[in-house]
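Q: Dropping the structure in here first, questions after.
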Amino acid sequence: MPFQGLAATGFTYFDFQNEAFLSSQLHLLALKGNTENLKELVQSGKVYVDSQDQEGTTALILACANNNFQCAKELLKHGANPAARRVTGTSALYCAAQGGYLDIVNLLLEHGAPVNVANWDGGTPLMVASQCNHSDVVKALVTHGGNIEARMLDKATPLFVAAQNGHTETVSLLISLGACVDARRTDGATPLWIACQMGHYQVLEELIVHNAQIDCVNENGESCLHAAALFDHLKVVKFLISAGADPHLRSQDGVTPLELAQEAQNVQVVNYLKRFSKERKLPDVQRSS
């Protein structure tokens, strides 16, 4: 199935009023995967293989975004620039990585596509592959020099975005490839913290096994246990407690995980934390007014 990411965001493939007819035809053929006619047009010498639309999109970017391998191969054979980028900074490699098109990713890498070029928000091909759980693409990109500690504008890493989206396989792979398990986003959140907030239990287990800091806090002093309690993830709360998370830990506002759960009316989490406090003879304090 053709990749729909660009089209789904109001993507304009070309402007018939401003682009030369043959350039528009080249783009359309790449988009639809019509290799035979594309080859004929390129070989005619009547069209520039890297002609761009008003958003900087080339035929190669369109072919790669829509998983049209043979079109991409033909364009590269005739000198298409694998480093070409749209005005947003998005490249053909980024589009292929986003779609999980490993054959096209490898093709582009073989032709020297820059692996760490980021788009406007700091997203690299490795970042988007991690976000979309394309672990085979992640491995290929890292093998070819993809920066495993690349940062978005908010300082999120590939491991962070994989954890945020609950992609256990990719999280495991990134850790095995050397990703820092406690790398912090701008707000202080770590991959473990975001996994707890989102309730991704298997990701949580994987990170803990690899010694992620369990009582790390964000910029507001809220721990992983705070995040899980606030968002009513009872299973995560139980795991964190069993792994040694501190139920006494207070945020900058002086709030404990129990008090956050009480304010959010998360009854099961409240009952569990109260029961745990009673069994362990821990003070069951209420938030001061």
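Chain labels A, B, ... are given in the sequence in which chains occur in the structure tokens; within each chain residues are numbered consecutively from 1, and ligands are likewise numbered from 1 in the order shown.
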Residues within 7 Å of Val115 of chain A, please, as a PyMOL selection string. Count only C-alpha atoms; anything in the same chain fewer than 2 positions from it doesn't count.

A: chain A and resi 113+117+125+141+145-146

Q: I want to know what sits within 12 Å of Ala30 of chain A, based on only C-alpha atoms, with residues of the same chain fewer than 3 positions away left out; could you give that as a ChimeraX atom specification?

A: /A:2,13-14,23-27,33-39,41-42,49-50,57-75

Q: Which neighbours of segment 208-215 of chain A fall inside 7 Å, counting only C-alpha atoms, when residues of the same chain fewer than 2 positions from it are skipped, and could you give them as a PDB file with C-alpha atoms, in the first residue's frame?

A:
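What follows is the written file out_18.pdb:
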```pdb
ATOM      1  CA  VAL A 181      18.452   4.808  28.755  1.00  0.00           C
ATOM      2  CA  ASP A 182      18.213   7.948  30.897  1.00  0.00           C
ATOM      3  CA  LEU A 192      11.137   5.419  31.480  1.00  0.00           C
ATOM      4  CA  LEU A 204       8.808  -0.176  31.297  1.00  0.00           C
ATOM      5  CA  GLU A 205      10.031  -3.703  31.980  1.00  0.00           C
ATOM      6  CA  GLU A 206      12.655  -3.473  29.237  1.00  0.00           C
ATOM      7  CA  VAL A 217      11.885  13.225  38.069  1.00  0.00           C
ATOM      8  CA  SER A 223       8.605  10.852  39.378  1.00  0.00           C
ATOM      9  CA  CYS A 224       7.667   7.903  37.196  1.00  0.00           C
ATOM     10  CA  ALA A 245      10.075   3.304  43.538  1.00  0.00           C
ATOM     11  CA  ASP A 246       9.745   5.749  46.425  1.00  0.00           C
TER      12      ASP A 246
END
```

Q: For Thr157 of chain A, please output as a ChimeraX atom specification all residues within 12 Å (counting only C-alpha atoms; exclusion window: fewer than 2 positions along the same chain).

A: /A:122-124,126-131,147-155,159-164,171,174-175,179-186,189-191

Q: Quick one: write out the picked residues with N, CA and C atoms as a compact mmCIF listing (two decimals), in the first residue's frame?

A:
```
# COMPACT_ATOMS: atom_id res chain seq x y z
N GLY A 122 13.91 18.75 13.93
CA GLY A 122 15.01 17.93 14.44
C GLY A 122 14.87 16.45 14.13
N GLY A 123 13.79 16.07 13.49
CA GLY A 123 13.56 14.67 13.20
C GLY A 123 14.47 14.14 12.11
N THR A 124 15.18 13.07 12.41
CA THR A 124 16.06 12.41 11.44
C THR A 124 15.38 11.14 10.94
N LEU A 126 16.38 8.16 11.40
CA LEU A 126 16.40 7.22 12.53
C LEU A 126 15.32 7.55 13.54
N MET A 127 15.09 8.83 13.76
CA MET A 127 14.07 9.25 14.70
C MET A 127 12.69 8.78 14.26
N VAL A 128 12.37 8.99 12.99
CA VAL A 128 11.03 8.64 12.53
C VAL A 128 10.87 7.12 12.40
N ALA A 129 11.94 6.41 12.08
CA ALA A 129 11.87 4.96 12.05
C ALA A 129 11.61 4.40 13.45
N SER A 130 12.21 5.02 14.45
CA SER A 130 11.99 4.61 15.84
C SER A 130 10.56 4.93 16.28
N GLN A 131 10.08 6.07 15.87
CA GLN A 131 8.72 6.48 16.20
C GLN A 131 7.69 5.52 15.61
N ASN A 147 22.86 8.58 13.92
CA ASN A 147 23.17 9.03 15.28
C ASN A 147 22.09 8.57 16.25
N ILE A 148 22.45 7.62 17.09
CA ILE A 148 21.49 7.03 18.01
C ILE A 148 21.07 7.99 19.11
N GLU A 149 21.87 9.05 19.30
CA GLU A 149 21.54 10.06 20.31
C GLU A 149 21.11 11.39 19.66
N ALA A 150 20.61 11.33 18.44
CA ALA A 150 20.10 12.53 17.79
C ALA A 150 18.97 13.12 18.63
N ARG A 151 18.78 14.43 18.54
CA ARG A 151 17.79 15.09 19.38
C ARG A 151 16.80 15.90 18.54
N MET A 152 15.54 15.79 18.92
CA MET A 152 14.52 16.68 18.38
C MET A 152 14.73 18.07 18.99
N LEU A 153 13.94 19.04 18.57
CA LEU A 153 14.06 20.37 19.16
C LEU A 153 13.79 20.34 20.66
N ASP A 154 12.93 19.41 21.10
CA ASP A 154 12.64 19.30 22.54
C ASP A 154 13.59 18.35 23.25
N LYS A 155 14.65 17.93 22.54
CA LYS A 155 15.72 17.07 23.06
C LYS A 155 15.32 15.60 23.20
N LEU A 159 15.28 6.73 21.28
CA LEU A 159 14.79 5.84 22.34
C LEU A 159 13.57 6.44 23.03
N PHE A 160 13.60 7.74 23.25
CA PHE A 160 12.47 8.39 23.91
C PHE A 160 11.20 8.24 23.08
N VAL A 161 11.28 8.52 21.78
CA VAL A 161 10.07 8.46 20.96
C VAL A 161 9.58 7.03 20.80
N ALA A 162 10.50 6.06 20.79
CA ALA A 162 10.09 4.65 20.73
C ALA A 162 9.38 4.26 22.02
N ALA A 163 9.91 4.70 23.16
CA ALA A 163 9.28 4.41 24.45
C ALA A 163 7.92 5.10 24.56
N GLN A 164 7.85 6.31 24.10
CA GLN A 164 6.60 7.09 24.15
C GLN A 164 5.48 6.40 23.38
N VAL A 171 12.67 -0.30 21.23
CA VAL A 171 13.34 0.10 22.47
C VAL A 171 14.47 -0.86 22.79
N LEU A 174 17.37 -0.41 20.24
CA LEU A 174 18.14 0.82 20.46
C LEU A 174 19.05 0.70 21.68
N ILE A 175 18.56 0.08 22.73
CA ILE A 175 19.38 -0.12 23.92
C ILE A 175 20.56 -1.03 23.60
N ALA A 179 22.03 3.00 23.03
CA ALA A 179 21.28 4.21 23.38
C ALA A 179 21.30 4.44 24.89
N CYS A 180 21.40 5.70 25.28
CA CYS A 180 21.40 6.07 26.70
C CYS A 180 19.97 5.93 27.25
N VAL A 181 19.80 5.08 28.26
CA VAL A 181 18.45 4.81 28.76
C VAL A 181 17.87 5.97 29.55
N ASP A 182 18.70 6.85 30.05
CA ASP A 182 18.21 7.95 30.90
C ASP A 182 18.34 9.32 30.24
N ALA A 183 18.48 9.37 28.91
CA ALA A 183 18.56 10.66 28.23
C ALA A 183 17.28 11.45 28.44
N ARG A 184 17.42 12.73 28.79
CA ARG A 184 16.27 13.54 29.17
C ARG A 184 15.80 14.46 28.05
N ARG A 185 14.49 14.58 27.97
CA ARG A 185 13.89 15.60 27.13
C ARG A 185 14.03 16.95 27.83
N THR A 186 13.71 18.04 27.14
CA THR A 186 13.86 19.38 27.71
C THR A 186 13.14 19.52 29.05
N ALA A 189 11.87 14.75 31.36
CA ALA A 189 11.33 13.40 31.25
C ALA A 189 12.34 12.47 30.56
N THR A 190 12.42 11.24 31.04
CA THR A 190 13.27 10.21 30.46
C THR A 190 12.40 9.20 29.70
N PRO A 191 13.01 8.28 28.94
CA PRO A 191 12.21 7.23 28.30
C PRO A 191 11.36 6.44 29.30
```

Q: Go through A:Val138, A:Leu93, A:Cys216, A:Leu225 and flag the residue nearest Phe239 of chain A, using only C-alpha atoms for the distances.

A: A:Leu225

Q: Using atom CA of Glu222 of chain A and atom CA of Thr170 of chain A as the two end points, give the distance in Å to one decimal.

A: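 One can read the atom CA of Glu222 of chain A to atom CA of Thr170 of chain A distance as 26.2 Å.
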